[in-house]
Structures are given as C-alpha cells and as structure tokens.
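Asks: PDB, C-alpha atoms, saved as target_2.pdb, coming up:
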ATOM      1  CA  GLY Y   1       0.000   0.000   0.000
ATOM      2  CA  GLY Y   2       2.805   2.415   0.835
ATOM      3  CA  CYS Y   3       4.552   1.763  -2.486
ATOM      4  CA  VAL Y   4       1.352   2.403  -4.444
ATOM      5  CA  TRP Y   5       0.689   5.573  -2.461
ATOM      6  CA  GLY Y   6       4.215   6.834  -3.100
ATOM      7  CA  ASP Y   7       3.800   6.138  -6.811
ATOM      8  CA  ILE Y   8       0.522   8.067  -6.898
ATOM      9  CA  VAL Y   9       1.697  11.215  -5.125
ATOM     10  CA  SER Y  10       4.870  11.418  -7.255
ATOM     11  CA  LYS Y  11       3.378  10.365 -10.611
ATOM     12  CA  PRO Y  12       3.017  13.064 -13.278
ATOM     13  CA  ASN Y  13      -0.381  13.479 -14.912
ATOM     14  CA  VAL Y  14       0.104  14.444 -18.556
ATOM     15  CA  THR Y  15      -2.807  16.611 -19.676
ATOM     16  CA  GLY Y  16      -1.386  17.646 -23.023
ATOM     17  CA  SER Y  17       1.022  16.586 -25.707
ATOM     18  CA  ARG Y  18       3.904  18.707 -24.459
ATOM     19  CA  VAL Y  19       6.159  18.151 -21.478
ATOM     20  CA  GLU Y  20       5.250  21.618 -20.205
ATOM     21  CA  ASP Y  21       1.640  20.480 -19.886
ATOM     22  CA  ALA Y  22       2.563  17.736 -17.420
ATOM     23  CA  ARG Y  23       1.759  18.171 -13.735
ATOM     24  CA  PHE Y  24       1.731  15.912 -10.733
ATOM     25  CA  LEU Y  25      -1.406  13.842 -10.315
ATOM     26  CA  PHE Y  26      -1.392  14.759  -6.613
ATOM     27  CA  GLY Y  27      -0.857  18.518  -6.824
ATOM     28  CA  ALA Y  28      -0.242  21.262  -4.274
ATOM     29  CA  SER Y  29      -3.972  21.896  -3.786
ATOM     30  CA  ASP Y  30      -4.473  18.189  -3.048
ATOM     31  CA  TRP Y  31      -1.830  18.364  -0.321
ATOM     32  CA  GLY Y  32      -3.718  21.293   1.158
ATOM     33  CA  TYR Y  33      -6.968  19.343   1.094
ATOM     34  CA  LEU Y  34      -5.156  16.404   2.684
ATOM     35  CA  PHE Y  35      -4.039  18.444   5.707
ATOM     36  CA  LEU Y  36      -7.504  20.012   5.970
ATOM     37  CA  LEU Y  37      -9.089  16.554   5.869
ATOM     38  CA  PHE Y  38      -6.663  15.321   8.536
ATOM     39  CA  PHE Y  39      -7.633  18.210  10.817
ATOM     40  CA  LEU Y  40     -11.363  17.652  10.252
ATOM     41  CA  ILE Y  41     -11.030  13.931  10.997
ATOM     42  CA  ILE Y  42      -9.439  14.734  14.362
ATOM     43  CA  VAL Y  43     -12.236  17.214  15.132
ATOM     44  CA  ILE Y  44     -14.908  14.670  14.163
ATOM     45  CA  ARG Y  45     -13.271  11.983  16.294
ATOM     46  CA  PHE Y  46     -13.193  14.324  19.303
ATOM     47  CA  PHE Y  47     -16.856  15.149  18.734
ATOM     48  CA  LEU Y  48     -17.913  11.491  18.542
ATOM     49  CA  VAL Y  49     -15.886  10.382  21.566
ATOM     50  CA  PHE Y  50     -17.184  13.167  23.791
ATOM     51  CA  ALA Y  51     -20.744  12.852  22.444
ATOM     52  CA  PHE Y  52     -20.832   9.332  23.875
ATOM     53  CA  TYR Y  53     -18.701  10.170  26.925
ATOM     54  CA  PRO Y  54     -21.698  10.261  29.332
ATOM     55  CA  ILE Y  55     -22.309   6.611  28.377
ATOM     56  CA  THR Y  56     -18.737   5.317  28.137
ATOM     57  CA  SER Y  57     -17.839   6.884  31.474
ATOM     58  CA  ARG Y  58     -20.509   4.809  33.236
ATOM     59  CA  ILE Y  59     -20.220   1.382  31.594
ATOM     60  CA  GLY Y  60     -17.641  -1.281  32.403
ATOM     61  CA  ILE Y  61     -14.790   0.104  34.465
ATOM     62  CA  GLY Y  62     -15.625   3.584  33.191
ATOM     63  CA  SER Y  63     -13.321   6.254  31.826
ATOM     64  CA  ASN Y  64     -12.427   9.847  32.572
ATOM     65  CA  TRP Y  65     -12.037  12.918  30.372
ATOM     66  CA  ARG Y  66      -8.251  12.437  30.112
ATOM     67  CA  GLU Y  67      -8.714   8.977  28.639
ATOM     68  CA  ALA Y  68     -11.363  10.345  26.282
ATOM     69  CA  VAL Y  69      -8.910  12.992  25.047
ATOM     70  CA  PHE Y  70      -6.274  10.374  24.359
ATOM     71  CA  MET Y  71      -8.772   8.062  22.615
ATOM     72  CA  SER Y  72      -9.748  10.967  20.378
ATOM     73  CA  TYR Y  73      -6.184  11.914  19.528
ATOM     74  CA  GLY Y  74      -4.341   8.592  19.518
ATOM     75  CA  GLY Y  75      -6.524   6.450  17.259
ATOM     76  CA  LEU Y  76      -4.951   5.217  14.017
ATOM     77  CA  ARG Y  77      -6.938   6.561  11.089
ATOM     78  CA  GLY Y  78      -7.067   5.035   7.640
ATOM     79  CA  ALA Y  79      -5.998   1.441   8.310
ATOM     80  CA  VAL Y  80      -9.176  -0.115   6.923
ATOM     81  CA  GLY Y  81      -9.572   2.715   4.440
ATOM     82  CA  ILE Y  82      -6.210   1.890   2.865
ATOM     83  CA  ALA Y  83      -7.311  -1.670   2.138
ATOM     84  CA  LEU Y  84     -10.629  -0.491   0.654
ATOM     85  CA  ALA Y  85      -9.048   2.294  -1.387
ATOM     86  CA  LEU Y  86      -6.318  -0.020  -2.670
ATOM     87  CA  SER Y  87      -8.939  -2.569  -3.715
ATOM     88  CA  LEU Y  88     -10.974   0.127  -5.489
ATOM     89  CA  HIS Y  89      -7.857   1.511  -7.169
ATOM     90  CA  ALA Y  90      -6.862  -1.917  -8.494
ATOM     91  CA  LYS Y  91     -10.411  -2.714  -9.625
ATOM     92  CA  VAL Y  92     -10.784   0.529 -11.574
ATOM     93  CA  TYR Y  93      -7.411   0.026 -13.281
ATOM     94  CA  HIS Y  94      -8.468  -3.497 -14.212
ATOM     95  CA  LEU Y  95     -11.791  -2.401 -15.757
ATOM     96  CA  THR Y  96     -10.552   0.712 -17.580
ATOM     97  CA  SER Y  97      -8.060   1.418 -20.336
ATOM     98  CA  GLU Y  98      -5.749   4.261 -21.251
ATOM     99  CA  SER Y  99      -7.372   4.708 -24.680
ATOM    100  CA  GLU Y 100     -10.592   6.207 -23.295
ATOM    101  CA  ARG Y 101     -10.487   9.705 -21.806
ATOM    102  CA  SER Y 102     -13.409   8.961 -19.455
ATOM    103  CA  ASP Y 103     -11.563   5.908 -18.167
ATOM    104  CA  MET Y 104      -8.513   8.035 -17.461
ATOM    105  CA  LEU Y 105     -10.679  10.430 -15.455
ATOM    106  CA  PHE Y 106     -11.949   7.510 -13.383
ATOM    107  CA  ARG Y 107      -8.379   6.379 -12.807
ATOM    108  CA  GLY Y 108      -7.358   9.852 -11.737
ATOM    109  CA  ASP Y 109     -10.240  10.143  -9.273
ATOM    110  CA  THR Y 110      -9.563   6.765  -7.645
ATOM    111  CA  ALA Y 111      -5.837   7.531  -7.518
ATOM    112  CA  LYS Y 112      -6.523  10.797  -5.693
ATOM    113  CA  LEU Y 113      -8.906   9.018  -3.340
ATOM    114  CA  PHE Y 114      -6.247   6.485  -2.505
ATOM    115  CA  GLY Y 115      -3.728   9.312  -2.114
ATOM    116  CA  MET Y 116      -5.993  10.991   0.424
ATOM    117  CA  VAL Y 117      -6.603   7.812   2.423
ATOM    118  CA  GLY Y 118      -2.923   6.854   2.410
ATOM    119  CA  GLY Y 119      -1.968  10.392   3.307
ATOM    120  CA  ILE Y 120      -4.226  10.322   6.367
ATOM    121  CA  ALA Y 121      -2.543   7.135   7.574
ATOM    122  CA  LEU Y 122       0.886   8.669   6.918
ATOM    123  CA  LEU Y 123       0.085  11.853   8.838
ATOM    124  CA  THR Y 124      -1.236   9.731  11.702
ATOM    125  CA  LEU Y 125       2.088   7.883  11.899
ATOM    126  CA  VAL Y 126       4.197  11.016  11.439
ATOM    127  CA  ILE Y 127       2.253  13.427  13.681
ATOM    128  CA  ASN Y 128       0.085  11.478  16.125
ATOM    129  CA  ALA Y 129       2.377   8.545  16.894
ATOM    130  CA  PRO Y 130       5.451  10.552  18.075
ATOM    131  CA  THR Y 131       3.329  12.948  20.139
ATOM    132  CA  CYS Y 132       1.204  10.297  21.903
ATOM    133  CA  GLY Y 133       3.899   9.648  24.518
ATOM    134  CA  PRO Y 134       4.229  13.300  25.616
ATOM    135  CA  LEU Y 135       0.434  13.619  25.587
ATOM    136  CA  LEU Y 136       0.088  10.605  27.896
ATOM    137  CA  ARG Y 137       2.549  12.152  30.351
ATOM    138  CA  LYS Y 138       0.823  15.535  30.109
ATOM    139  CA  LEU Y 139      -2.561  13.977  30.864
ATOM    140  CA  GLY Y 140      -1.132  11.942  33.738
ATOM    141  CA  LEU Y 141      -2.060   8.593  32.220
ATOM    142  CA  VAL Y 142       1.394   7.013  32.447
ATOM    143  CA  THR Y 143       0.847   5.947  36.057
ATOM    144  CA  PRO Y 144      -2.057   3.479  36.268
ATOM    145  CA  THR Y 145      -5.055   4.584  38.303
ATOM    146  CA  GLU Y 146      -6.341   2.709  41.340
ATOM    147  CA  THR Y 147      -9.183   1.268  39.279
ATOM    148  CA  ARG Y 148      -6.743  -0.141  36.726
ATOM    149  CA  LYS Y 149      -4.606  -1.618  39.488
ATOM    150  CA  LYS Y 150      -7.651  -3.362  40.959
ATOM    151  CA  VAL Y 151      -8.621  -4.729  37.540
ATOM    152  CA  VAL Y 152      -5.123  -6.094  36.937
ATOM    153  CA  GLU Y 153      -4.958  -7.614  40.408
ATOM    154  CA  ASN Y 154      -8.391  -9.178  40.008
ATOM    155  CA  TYR Y 155      -7.364 -10.656  36.662
ATOM    156  CA  HIS Y 156      -4.162 -11.984  38.191
ATOM    157  CA  GLN Y 157      -6.056 -13.724  41.007
ATOM    158  CA  HIS Y 158      -8.530 -15.257  38.554
ATOM    159  CA  MET Y 159      -5.632 -16.498  36.439
ATOM    160  CA  ILE Y 160      -3.978 -18.121  39.460
ATOM    161  CA  GLN Y 161      -7.199 -19.849  40.509
ATOM    162  CA  PHE Y 162      -7.791 -21.117  36.970
ATOM    163  CA  VAL Y 163      -4.245 -22.469  36.655
ATOM    164  CA  LEU Y 164      -4.502 -24.083  40.103
ATOM    165  CA  LYS Y 165      -7.800 -25.741  39.186
ATOM    166  CA  GLU Y 166      -6.352 -27.107  35.936
ATOM    167  CA  TYR Y 167      -3.234 -28.295  37.752
ATOM    168  CA  VAL Y 168      -5.289 -30.191  40.302
ATOM    169  CA  ALA Y 169      -7.347 -31.738  37.498
ATOM    170  CA  LEU Y 170      -4.125 -32.948  35.855
ATOM    171  CA  LEU Y 171      -3.009 -34.545  39.126
ATOM    172  CA  THR Y 172      -5.962 -36.903  38.899
ATOM    173  CA  GLU Y 173      -4.344 -38.491  35.868
ATOM    174  CA  GLU Y 174      -2.001 -41.328  36.711
ATOM    175  CA  ARG Y 175       0.825 -40.073  34.523
ATOM    176  CA  PHE Y 176       1.027 -36.851  36.581
ATOM    177  CA  SER Y 177       0.626 -38.448  40.015
ATOM    178  CA  ASN Y 178       4.299 -38.049  40.948
ATOM    179  CA  VAL Y 179       4.683 -34.429  39.858
ATOM    180  CA  ASP Y 180       6.579 -32.312  42.405
ATOM    181  CA  PHE Y 181       4.530 -29.192  43.209
ATOM    182  CA  SER Y 182       7.651 -27.247  44.248
ATOM    183  CA  VAL Y 183       9.016 -27.653  40.717
ATOM    184  CA  VAL Y 184       5.735 -26.616  39.145
ATOM    185  CA  LYS Y 185       5.650 -23.456  41.265
ATOM    186  CA  GLU Y 186       8.987 -22.304  39.880
ATOM    187  CA  HIS Y 187       7.759 -22.361  36.276
ATOM    188  CA  THR Y 188       4.170 -21.117  36.599
ATOM    189  CA  CYS Y 189       2.195 -18.314  38.200
ATOM    190  CA  LEU Y 190       1.574 -20.526  41.243
ATOM    191  CA  GLY Y 191       4.653 -19.286  43.062
ATOM    192  CA  GLY Y 192       2.590 -17.673  45.809
ATOM    193  CA  ILE Y 193       0.405 -20.727  46.424
ATOM    194  CA  THR Y 194       1.079 -22.570  49.671
ATOM    195  CA  TYR Y 195       0.740 -26.294  50.265
ATOM    196  CA  GLU Y 196      -2.397 -25.697  52.355
ATOM    197  CA  GLN Y 197      -4.039 -23.780  49.501
ATOM    198  CA  LEU Y 198      -3.144 -26.620  47.164
ATOM    199  CA  MET Y 199      -4.787 -29.131  49.481
ATOM    200  CA  ARG Y 200      -7.937 -27.015  49.686
ATOM    201  CA  ALA Y 201      -8.047 -26.910  45.884
ATOM    202  CA  VAL Y 202      -7.671 -30.684  45.800
ATOM    203  CA  GLN Y 203     -10.524 -31.064  48.264
ATOM    204  CA  ARG Y 204     -12.753 -28.750  46.216
ATOM    205  CA  HIS Y 205     -11.991 -30.825  43.156
ATOM    206  CA  LYS Y 206     -12.931 -34.020  45.033
ATOM    207  CA  ASP Y 207     -16.185 -32.476  46.225
ATOM    208  CA  LYS Y 208     -17.142 -31.515  42.681
ATOM    209  CA  SER Y 209     -16.106 -34.820  41.116
ATOM    210  CA  PRO Y 210     -18.542 -37.771  40.907
ATOM    211  CA  SER Y 211     -17.859 -40.293  43.643
ATOM    212  CA  ASP Y 212     -17.946 -43.257  41.244
ATOM    213  CA  LEU Y 213     -14.955 -42.030  39.219
TER     214      LEU Y 213
END
Produce structure tokens that represent the structure in this file.

Replies:
Amino acid sequence: GGCVWGDIVSKPNVTGSRVEDARFLFGASDWGYLFLLFFLIIVIRFFLVFAFYPITSRIGIGSNWREAVFMSYGGLRGAVGIALALSLHAKVYHLTSESERSDMLFRGDTAKLFGMVGGIALLTLVINAPTCGPLLRKLGLVTPTETRKKVVENYHQHMIQFVLKEYVALLTEERFSNVDFSVVKEHTCLGGITYEQLMRAVQRHKDKSPSDL
C-alpha cells in the first residue's frame, strides 16, 4: 500500500502533448486538502468520543475525560480505508483502459482518493504517533489509576485460581501423580500458592467430582 501511495503522489499526470503540460497527479492543492481533511477527521473523532462520553464513562470500568482525550487523539486513522481504497484503485485500473479519456478520469479520481486515504494514515504515523507519549505524560495517564490496578490484580487472582484448578485436574491423571509441586511453582504463576491452599483446591476438586470415578 505504501509503495502504491508513493507512486501516486509522485506520478506526473500528462494533460497535453507537451512536457510543459505535465503536472503531478497529486498537486499542491491536493496536499492542502489532505491536511484540511486530517484536521477535520481529528475534530470529528473528538466530537464522537465526547458525544458518547456520558455513556462510556458509566459502563464497564468507566473512563475519565483524560482517557477520552487520548482516545480521540491517539486512534490510528485510515488502516481499513487503505485496504478499501487499494482494492478500489486496483479494480478501476483493471476495468478501464488508457485509450478512453473517461476511463482516465476515473483512474485519476480513484488515484486521488487512494492518495488521500494513504496520506491520512501517513500523517497519523508522522504526527500522532510521536506525540502520543508526551500527551500521555501531560494527561497523567502514564501511572495506572487505582481502578486499573484493581482490575489487573483481580485478573491476576482469577488467572492463578484457573491455573490451580487445571493443575489439580491434571493430578488426577495417573501419569502426573508423581509431579513435584515445588518444581511446578517455579515455572508457573503458582509461586505464591502454599501447600495448604493446594490441598484445599484438591478437596474442592474431590467435592465436585462424581464419587464413582
């Protein structure tokens, strides 16, 4: 996609029979429209994010206005658009020919469309990506909030309990009957599990298992 975009923005569009009549297919005015479009996309994204902020701030673990600002600014724009524009560009070139003037107009329009979409993605990588880090620090989002810490800790505890349950289930198989738990602890997330906790997990597994097995 990047190679095709580079070819489009640097390709001359010959409108006459003389060399003097040649101009770039993606001209200076198109570059101006590209930057204007990039600015408007950022404005629209801010509008949409904050229009739904009263809802997104109350669902799930919620969010605050700082996170909403970063979501509005930091989103990659044009990723899906590049694939669609590239597909359209290739399809139009396949169905048209250079002998028909109307076909050449179609090719020029789709080439400019692809140039705009690719340009948006490029500006996102060149402008937004390098400035996201300083923006995160400015908004104070580098240090995780208490809510995020609780979510991570809760996930960690659920992961430990799941791994412990699966480990106990494996112990019921004869081939794993002689496994040393101290060795297992060193290579899994069960390092903080005591022998007593292991025995309680074994007992829970026995209580839940059919007695005739």

Asks: In Å to one decimal, how far is atom CA of Y:Arg200 from atom CA of Y:Thr172?

Replies: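 Going from atom CA of Y:Thr172 over to atom CA of Y:Arg200, I get 14.8 Å.
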
Asks: Run through the PyMOL selection byres ((chain Y and resi 166-170) around 12) on the given coordinates and return the selected residues as number ranges by chain.

Replies: Y: 159-165, 171-181, 184-185, 188-190, 197-206, 208-209

Asks: Around stretch 134-150 of chain Y, fit a box with edges along x, y and z, padding it by 6 Å on each side, then list its centre and edge lengths in Å to one decimal as JSON.

Replies:
{"center_x": -2.5, "center_y": 6.1, "center_z": 33.5, "size_x": 25.4, "size_y": 30.9, "size_z": 27.8}

Asks: Care to translate the PyMOL selection byres ((chain Y and resi 42) around 12) into actual residues of this file, as a ChimeraX atom specification?

Replies: /Y:35-41,43-49,69-77,120,123-124,127-128

Asks: Write a file of the selected residues as a PDB file, keeping the file's coordinate frame, keeping C-alpha atoms.

Replies:
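Result file is selection.pdb:
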ATOM      1  CA  PHE Y  35      -4.039  18.444   5.707  1.00  0.00           C
ATOM      2  CA  LEU Y  36      -7.504  20.012   5.970  1.00  0.00           C
ATOM      3  CA  LEU Y  37      -9.089  16.554   5.869  1.00  0.00           C
ATOM      4  CA  PHE Y  38      -6.663  15.321   8.536  1.00  0.00           C
ATOM      5  CA  PHE Y  39      -7.633  18.210  10.817  1.00  0.00           C
ATOM      6  CA  LEU Y  40     -11.363  17.652  10.252  1.00  0.00           C
ATOM      7  CA  ILE Y  41     -11.030  13.931  10.997  1.00  0.00           C
ATOM      8  CA  VAL Y  43     -12.236  17.214  15.132  1.00  0.00           C
ATOM      9  CA  ILE Y  44     -14.908  14.670  14.163  1.00  0.00           C
ATOM     10  CA  ARG Y  45     -13.271  11.983  16.294  1.00  0.00           C
ATOM     11  CA  PHE Y  46     -13.193  14.324  19.303  1.00  0.00           C
ATOM     12  CA  PHE Y  47     -16.856  15.149  18.734  1.00  0.00           C
ATOM     13  CA  LEU Y  48     -17.913  11.491  18.542  1.00  0.00           C
ATOM     14  CA  VAL Y  49     -15.886  10.382  21.566  1.00  0.00           C
ATOM     15  CA  VAL Y  69      -8.910  12.992  25.047  1.00  0.00           C
ATOM     16  CA  PHE Y  70      -6.274  10.374  24.359  1.00  0.00           C
ATOM     17  CA  MET Y  71      -8.772   8.062  22.615  1.00  0.00           C
ATOM     18  CA  SER Y  72      -9.748  10.967  20.378  1.00  0.00           C
ATOM     19  CA  TYR Y  73      -6.184  11.914  19.528  1.00  0.00           C
ATOM     20  CA  GLY Y  74      -4.341   8.592  19.518  1.00  0.00           C
ATOM     21  CA  GLY Y  75      -6.524   6.450  17.259  1.00  0.00           C
ATOM     22  CA  LEU Y  76      -4.951   5.217  14.017  1.00  0.00           C
ATOM     23  CA  ARG Y  77      -6.938   6.561  11.089  1.00  0.00           C
ATOM     24  CA  ILE Y 120      -4.226  10.322   6.367  1.00  0.00           C
ATOM     25  CA  LEU Y 123       0.085  11.853   8.838  1.00  0.00           C
ATOM     26  CA  THR Y 124      -1.236   9.731  11.702  1.00  0.00           C
ATOM     27  CA  ILE Y 127       2.253  13.427  13.681  1.00  0.00           C
ATOM     28  CA  ASN Y 128       0.085  11.478  16.125  1.00  0.00           C
TER      29      ASN Y 128
END

Asks: Name the residues in contact with Y:Asp109 at a cut-off of 12 Å, using all atoms listed in the file, excluding same-chain residues fewer than 3 positions from it; report them as a list in words.

Replies: Ile8, Asn13, Leu25, Phe26, Asp30, Ala85, Leu88, His89, Val92, Tyr93, Ser102, Asp103, Met104, Leu105, Phe106, Lys112, Leu113, Phe114, Gly115 and Met116 of chain Y

Asks: Nearest to Y:Val152 among Y:Ile61, Y:Leu139, Y:Leu122, Y:Phe52, with distances taken over only C-alpha atoms: which residue is it?

Replies: Y:Ile61

Asks: Any idea what the distance is between atom CA of Y:Arg137 and atom CA of Y:Ala68?

Replies: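 Straight-line distance from atom CA of Y:Arg137 to atom CA of Y:Ala68 works out to 14.6 Å.
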
Asks: For the file shown, report as a PyMOL selection string the outcome of the PyMOL selection byres ((chain Y and resi 64) around 12) at residue level.

Replies: chain Y and resi 49-50+53-59+61-63+65-71+139-141+145+147

Asks: Would you mind exporting C-alpha atoms of the selected residues as a short mmCIF file (atom, residue, chain, number, x, y, z; two decimals), keeping the file's coordinate frame?

Replies:
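So the final result, stored in selection-v2.cif, reads:
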data_model
loop_
_atom_site.label_atom_id
_atom_site.label_comp_id
_atom_site.auth_asym_id
_atom_site.auth_seq_id
_atom_site.Cartn_x
_atom_site.Cartn_y
_atom_site.Cartn_z
CA VAL Y 49 -15.89 10.38 21.57
CA PHE Y 50 -17.18 13.17 23.79
CA TYR Y 53 -18.70 10.17 26.92
CA PRO Y 54 -21.70 10.26 29.33
CA ILE Y 55 -22.31 6.61 28.38
CA THR Y 56 -18.74 5.32 28.14
CA SER Y 57 -17.84 6.88 31.47
CA ARG Y 58 -20.51 4.81 33.24
CA ILE Y 59 -20.22 1.38 31.59
CA ILE Y 61 -14.79 0.10 34.47
CA GLY Y 62 -15.62 3.58 33.19
CA SER Y 63 -13.32 6.25 31.83
CA TRP Y 65 -12.04 12.92 30.37
CA ARG Y 66 -8.25 12.44 30.11
CA GLU Y 67 -8.71 8.98 28.64
CA ALA Y 68 -11.36 10.34 26.28
CA VAL Y 69 -8.91 12.99 25.05
CA PHE Y 70 -6.27 10.37 24.36
CA MET Y 71 -8.77 8.06 22.62
CA LEU Y 139 -2.56 13.98 30.86
CA GLY Y 140 -1.13 11.94 33.74
CA LEU Y 141 -2.06 8.59 32.22
CA THR Y 145 -5.06 4.58 38.30
CA THR Y 147 -9.18 1.27 39.28
#

Asks: Between Y:Val117, Y:Leu125, Y:Ile193, Y:Ala51, which residue has the minimum interatomic distance to Y:Val80, considering all atoms listed in the file?

Replies: Y:Val117

Asks: If I take atom CA of Y:Gly118 and atom CA of Y:Gly81, how far is one from the other in Å, to one decimal?

Replies: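 Between atom CA of Y:Gly118 and atom CA of Y:Gly81 the gap is 8.1 Å.
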